[in-house]
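Novice: My questions all concern the structure below.
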Amino acid sequence: MPLGLRRKKNKSRESSNLVENEEVGGHTGGRSVKSTVNGAGLPPPPANLRPKLVFHTQLAHGSPTGRIEGFSNVKELYGKIAETFNLSQPEILFCTLNTHKIDMEKLLGGQIGLEDFIFAHIKGIKKEVEVFKSEDALGLTITDNGVGYAFTKRIKEGSVVDKVKVISVGDHIECINGKNIVGSRHYEVARMLKELPKDQMFTLKLVEPMKAFEMLEPRSKGAKEASDNKMGTGRGTLRLRSRGPATVEEVPTEFEERAVKKVDDLLETYMGIRDTELAATMVEVGRDKKNPDEFAMALDEALGDFAFPDEFVFDVWGAIGDAKQGHVLTSP
């Protein structure tokens with residue numbers, strides 16, 4: 001919703017979504033639940049068919065606790081958070097689960113535990129930086145929030161971008177060489193950066209998330225490899241899908257977690273992006289396919305917009321097979 005067109009909310013409505021005098025352990029803890037993504041062009045399901053779930057939420061830099069409900073996709077979720085805190089929806093960059101910190105392993109993605117607590121990170125300082133592309137690879141991994149904002153998820157140590165200390169994990173990439181890229185998907189932004197000519201300067205306009213005083217600390221490199229960073233560890237998860245309504249599901253199995261991790265790693269290697277929702281969709285598509293050709297055809301049908309290279313599709317098929325084999329070997 002454009003700034004200036006949003007109606008001013010009256011105080012009674014705003015306060016009705018806030019939890020008064022509720023202890024939330026500072027910035028951590030709480031109950032929550034989450035919504036899923038509706039498919040492109042598909043209308044949201046009727047209100048009576050949506051999961052009857054209530055999430056607790058805060059602004060990551062500090063705020064009262066709010067309650068949100070009645071949404072069926074990520075865009076609607078962001079709208080509910082904006083409503084609760086009297087913000088414009090485009091002010092929200094991304095959300096993390098169960099931590100107010102800019103922790104890329106805790107990004108709100110394709111699955112949310114029914115007891116997870118949502119922290120919304122909103123726009124902070126704008127900055128512009130010139131970068132000399134001395135190597136083909138910038139060392140930057142891109143993701144997006146599902147509603148038009150791409151941002152940095154990981155910075156490779158010793159890379160071109162790592163030497164530019166003003167660029168940080170969590171920064172929203174607003175413009176590349178003066179071209180506004182708001183609304184572009186992560187893979188499109190990664191391709192634009194990859195196609196920039198070597199041995200030339202380019203300009204980035206960035207927006208960093210607003211930080212509380214306690215969050216001002218040395219720059220993080222982003223997501224770390226860790227086996228205990230599992231999402232959706234409540235009694236179940238709310239699955240956000242790129243097509244179709246949100247659904248409440250069981251906690252992901254060991255096979256699903258292993259396979260999604262492998263596919264997400266391949267997305268970063270081949271395309272410079274990380275996207276657990278996309279990885280989970282690919283695992284779902286491939287788990288019952290008998291050969292790579294059948295898998296490739298199913299991917300084209302489900303995710304044709306991505307135009308994945310053949311080598312990537314073959315490696316994803318192998319990764320899903322490896323995860324299945326590992327699950328069989330470790331099962332009692």
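We label chains A, B, ... in the order they appear in the structure tokens, count residues from 1 in each chain, and number ligands from 1 in the order shown.
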Hey, what's within 6 Å of Ala279 (chain A) if we count only C-alpha atoms and toss same-chain stuff fewer than 4 positions away? As an MDAnalysis selection string, please?
Specialist: chainID A and resid 260 263:264
Novice: Store the residues picked out above, limited to C-alpha atoms, as a PDB file, in the first residue's frame.
Specialist:
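What ended up in again.pdb:
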```pdb
ATOM      1  CA  VAL A 260      15.529 -29.294   2.121  1.00  0.00           C
ATOM      2  CA  VAL A 263      18.536 -28.463  -1.987  1.00  0.00           C
ATOM      3  CA  ASP A 264      18.880 -25.046  -0.341  1.00  0.00           C
TER       4      ASP A 264
END
```
Novice: What separation in Å, quoted to one decimal, exists between CA of Thr143 (chain A) and CA of Pro197 (chain A)?
Specialist: 22.0 Å
Novice: Would you mind writing down, as a list in words, each residue of region 21-217 of chain A that DSSP on the backbone assigns to alpha helix (DSSP H)?
Specialist: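 So the alpha helix (DSSP H) residues in region 21-217 of chain A would be Val74, Lys75, Glu76, Leu77, Tyr78, Gly79, Lys80, Ile81, Ala82, Glu83, Thr84, His186, Tyr187, Glu188, Val189, Ala190, Arg191, Met192, Leu193 and Lys194 of chain A.
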Novice: Which residue is closest to Val161 (chain A)? Choose from A:Glu257, A:Glu135, A:Glu115, A:Glu250 and count only C-alpha atoms.
Specialist: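 Using only C-alpha atoms, Val161 (chain A) sits closest to A:Glu135.
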Novice: Set the distance at 10 Å and use only C-alpha atoms: which residues neighbour region 169-174 of chain A once local chain neighbours fewer than 5 positions away are removed? I'd like the list as a PyMOL selection string.
Specialist: chain A and resi 93-94+102-104+121+123-128+140-145+149-155+179-184+189+204-209+219-223
Novice: Using only C-alpha atoms, find each residue of region 142-208 of chain A with at least one atom at most 12 Å away from an atom of region 300-310 of chain A; report its shortest atom-to-atom pair and that distance in Å (one decimal), sort the rows by chain and rising residue number, and return the result as a Markdown table.
Specialist:
```
| residue | atom | partner | partner_atom | distance |
| --- | --- | --- | --- | --- |
| A:Arg185 | CA | A:Phe306 | CA | 10.1 |
| A:His186 | CA | A:Phe306 | CA | 10.8 |
| A:Tyr187 | CA | A:Phe306 | CA | 8.0 |
| A:Glu188 | CA | A:Phe306 | CA | 9.3 |
| A:Arg191 | CA | A:Phe306 | CA | 11.6 |
```
Novice: Could you pull the residues within 9 Å of Lys261 (chain A), counting only C-alpha atoms, minus those fewer than 4 positions along the same chain, as a list of chain:residue names?
Specialist: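 In the requested form, the answer reads A:Glu256, A:Glu257, A:Asp265, A:Leu266, A:Thr276, A:Ala279, A:Ala280.
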Novice: Neighbours of Lys80 (chain A) within 12 Å (only C-alpha atoms; same-chain residues fewer than 2 positions away dropped), as an MDAnalysis selection string?
Specialist: chainID A and resid 14 17:18 34:35 54:58 66:78 82:89 92 118 120
Novice: Go ahead and save the picked residues with N, CA, C and O atoms, as a tab-separated table (two decimals), in the first residue's frame.
Specialist:
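Done, and the output landed in part33.tsv:
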```
chain	number	residue	atom	x	y	z
A	14	GLU	N	-6.16	-0.09	17.13
A	14	GLU	CA	-4.76	-0.44	17.32
A	14	GLU	C	-4.57	-1.16	18.64
A	14	GLU	O	-3.91	-2.19	18.72
A	17	ASN	N	-5.31	-4.97	19.13
A	17	ASN	CA	-4.38	-5.99	18.65
A	17	ASN	C	-3.14	-6.10	19.49
A	17	ASN	O	-2.27	-6.91	19.19
A	18	LEU	N	-3.01	-5.27	20.52
A	18	LEU	CA	-1.83	-5.29	21.36
A	18	LEU	C	-2.13	-5.99	22.67
A	18	LEU	O	-3.24	-5.90	23.20
A	34	LYS	N	1.73	-19.24	12.04
A	34	LYS	CA	1.99	-18.47	10.85
A	34	LYS	C	1.17	-18.88	9.67
A	34	LYS	O	0.53	-19.87	9.66
A	35	SER	N	1.22	-18.07	8.63
A	35	SER	CA	0.40	-18.27	7.47
A	35	SER	C	1.16	-18.76	6.29
A	35	SER	O	2.36	-18.79	6.30
A	54	VAL	N	-3.63	-17.91	15.96
A	54	VAL	CA	-3.26	-16.60	16.49
A	54	VAL	C	-1.76	-16.59	16.76
A	54	VAL	O	-1.23	-17.51	17.39
A	55	PHE	N	-1.09	-15.57	16.25
A	55	PHE	CA	0.36	-15.42	16.45
A	55	PHE	C	0.64	-14.24	17.35
A	55	PHE	O	-0.07	-13.24	17.29
A	56	HIS	N	1.72	-14.34	18.10
A	56	HIS	CA	2.21	-13.20	18.85
A	56	HIS	C	3.36	-12.57	18.07
A	56	HIS	O	4.15	-13.27	17.45
A	57	THR	N	3.46	-11.26	18.12
A	57	THR	CA	4.45	-10.56	17.31
A	57	THR	C	4.95	-9.31	18.02
A	57	THR	O	4.25	-8.73	18.85
A	58	GLN	N	6.18	-8.92	17.70
A	58	GLN	CA	6.77	-7.66	18.14
A	58	GLN	C	7.58	-7.09	16.98
A	58	GLN	O	7.97	-7.81	16.06
A	66	GLY	N	1.95	-7.79	20.06
A	66	GLY	CA	0.67	-7.77	19.36
A	66	GLY	C	0.20	-9.17	19.03
A	66	GLY	O	0.98	-10.13	19.04
A	67	ARG	N	-1.09	-9.31	18.74
A	67	ARG	CA	-1.67	-10.57	18.29
A	67	ARG	C	-2.17	-10.37	16.86
A	67	ARG	O	-2.81	-9.38	16.56
A	68	ILE	N	-1.88	-11.34	16.00
A	68	ILE	CA	-2.36	-11.27	14.62
A	68	ILE	C	-3.02	-12.58	14.24
A	68	ILE	O	-2.64	-13.65	14.72
A	69	GLU	N	-4.04	-12.49	13.39
A	69	GLU	CA	-4.77	-13.67	12.94
A	69	GLU	C	-5.51	-13.32	11.66
A	69	GLU	O	-5.57	-12.17	11.24
A	70	GLY	N	-6.09	-14.34	11.01
A	70	GLY	CA	-6.96	-14.10	9.87
A	70	GLY	C	-6.24	-13.78	8.59
A	70	GLY	O	-6.77	-13.04	7.76
A	71	PHE	N	-5.05	-14.35	8.35
A	71	PHE	CA	-4.33	-14.13	7.11
A	71	PHE	C	-4.10	-15.48	6.42
A	71	PHE	O	-4.12	-16.53	7.06
A	72	SER	N	-3.89	-15.44	5.10
A	72	SER	CA	-3.72	-16.70	4.37
A	72	SER	C	-2.47	-16.73	3.52
A	72	SER	O	-2.21	-17.72	2.83
A	73	ASN	N	-1.66	-15.66	3.53
A	73	ASN	CA	-0.41	-15.66	2.78
A	73	ASN	C	0.53	-14.64	3.40
A	73	ASN	O	0.16	-13.91	4.34
A	74	VAL	N	1.75	-14.58	2.90
A	74	VAL	CA	2.77	-13.72	3.50
A	74	VAL	C	2.39	-12.24	3.40
A	74	VAL	O	2.57	-11.48	4.35
A	75	LYS	N	1.87	-11.85	2.25
A	75	LYS	CA	1.49	-10.45	2.09
A	75	LYS	C	0.45	-10.03	3.11
A	75	LYS	O	0.52	-8.96	3.71
A	76	GLU	N	-0.55	-10.89	3.31
A	76	GLU	CA	-1.58	-10.60	4.30
A	76	GLU	C	-1.01	-10.58	5.71
A	76	GLU	O	-1.42	-9.79	6.55
A	77	LEU	N	-0.05	-11.48	5.98
A	77	LEU	CA	0.61	-11.50	7.27
A	77	LEU	C	1.30	-10.16	7.55
A	77	LEU	O	1.14	-9.57	8.62
A	78	TYR	N	2.07	-9.68	6.57
A	78	TYR	CA	2.74	-8.39	6.73
A	78	TYR	C	1.73	-7.27	6.93
A	78	TYR	O	1.94	-6.34	7.71
A	82	ALA	N	1.53	-4.77	10.09
A	82	ALA	CA	1.51	-3.31	9.88
A	82	ALA	C	0.31	-2.68	10.55
A	82	ALA	O	0.41	-1.63	11.20
A	83	GLU	N	-0.85	-3.32	10.43
A	83	GLU	CA	-2.07	-2.83	11.07
A	83	GLU	C	-1.91	-2.75	12.58
A	83	GLU	O	-2.28	-1.77	13.21
A	84	THR	N	-1.36	-3.80	13.14
A	84	THR	CA	-1.22	-3.89	14.59
A	84	THR	C	-0.35	-2.77	15.15
A	84	THR	O	-0.65	-2.20	16.21
A	85	PHE	N	0.72	-2.42	14.43
A	85	PHE	CA	1.66	-1.42	14.93
A	85	PHE	C	1.54	-0.07	14.22
A	85	PHE	O	2.42	0.79	14.33
A	86	ASN	N	0.40	0.12	13.49
A	86	ASN	CA	0.12	1.39	12.82
A	86	ASN	C	1.26	1.79	11.88
A	86	ASN	O	1.75	2.92	11.90
A	87	LEU	N	1.69	0.84	11.05
A	87	LEU	CA	2.74	1.07	10.06
A	87	LEU	C	2.16	0.97	8.66
A	87	LEU	O	1.04	0.47	8.47
A	88	SER	N	2.93	1.41	7.67
A	88	SER	CA	2.64	1.09	6.29
A	88	SER	C	3.28	-0.25	5.97
A	88	SER	O	4.42	-0.50	6.37
A	89	GLN	N	2.58	-1.14	5.27
A	89	GLN	CA	3.11	-2.47	5.00
A	89	GLN	C	4.49	-2.46	4.35
A	89	GLN	O	5.35	-3.28	4.71
A	92	ILE	N	7.94	-2.94	6.32
A	92	ILE	CA	8.44	-4.21	6.86
A	92	ILE	C	9.36	-4.86	5.85
A	92	ILE	O	8.98	-5.12	4.71
A	118	ILE	N	6.80	-14.19	16.23
A	118	ILE	CA	7.24	-13.49	15.03
A	118	ILE	C	7.79	-12.10	15.38
A	118	ILE	O	7.12	-11.32	16.06
A	120	ALA	N	9.16	-8.65	13.55
A	120	ALA	CA	9.18	-7.94	12.27
A	120	ALA	C	10.30	-6.90	12.26
A	120	ALA	O	10.41	-6.07	13.17
```
Novice: Tell me, in Å to one decimal, how far CA of Asp293 (chain A) is from CA of Met271 (chain A).
Specialist: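 According to the coordinates, CA of Asp293 (chain A) and CA of Met271 (chain A) are separated by 21.0 Å.
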Novice: Mind pulling up the distance from CA of Gln325 (chain A) to CA of Glu254 (chain A)?
Specialist: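 The value is 11.6 Å.
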Novice: Do you know which residues are at most 8 Å from Val316 (chain A) counting only C-alpha atoms, after dropping those on the same chain fewer than 3 positions away, and could you put them as an mmCIF file with C-alpha atoms, in the first residue's frame?
Specialist:
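Result file follows (out_33.cif):
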```cif
data_model
loop_
_atom_site.group_PDB
_atom_site.id
_atom_site.type_symbol
_atom_site.label_atom_id
_atom_site.label_comp_id
_atom_site.auth_asym_id
_atom_site.auth_seq_id
_atom_site.Cartn_x
_atom_site.Cartn_y
_atom_site.Cartn_z
ATOM 1 C CA LYS A 262 20.730 -30.149 0.643
ATOM 2 C CA VAL A 263 18.536 -28.463 -1.987
ATOM 3 C CA LEU A 266 22.443 -26.255 -4.172
ATOM 4 C CA PHE A 312 21.153 -28.155 -11.285
ATOM 5 C CA VAL A 313 18.011 -30.283 -11.727
ATOM 6 C CA ALA A 319 20.371 -34.742 -3.316
ATOM 7 C CA ILE A 320 16.786 -35.876 -2.709
#
```
Novice: Using DSSP on the backbone coordinates, identify all residues within region 134-197 of chain A classified as strand (DSSP E or B); present the result as a list in words.
Specialist: Leu140, Thr141, Ile142, Thr143, Asp144, Ala150, Phe151, Thr152, Lys153, Arg154, Ile155, His172, Ile173, Glu174, Cys175, Ile176, Lys179 and Asn180 of chain A
Novice: When you count only C-alpha atoms, which of these residues is closest to Gly109 (chain A): A:Glu268, A:Glu277, A:Glu157, A:Glu195?
Specialist: A:Glu277
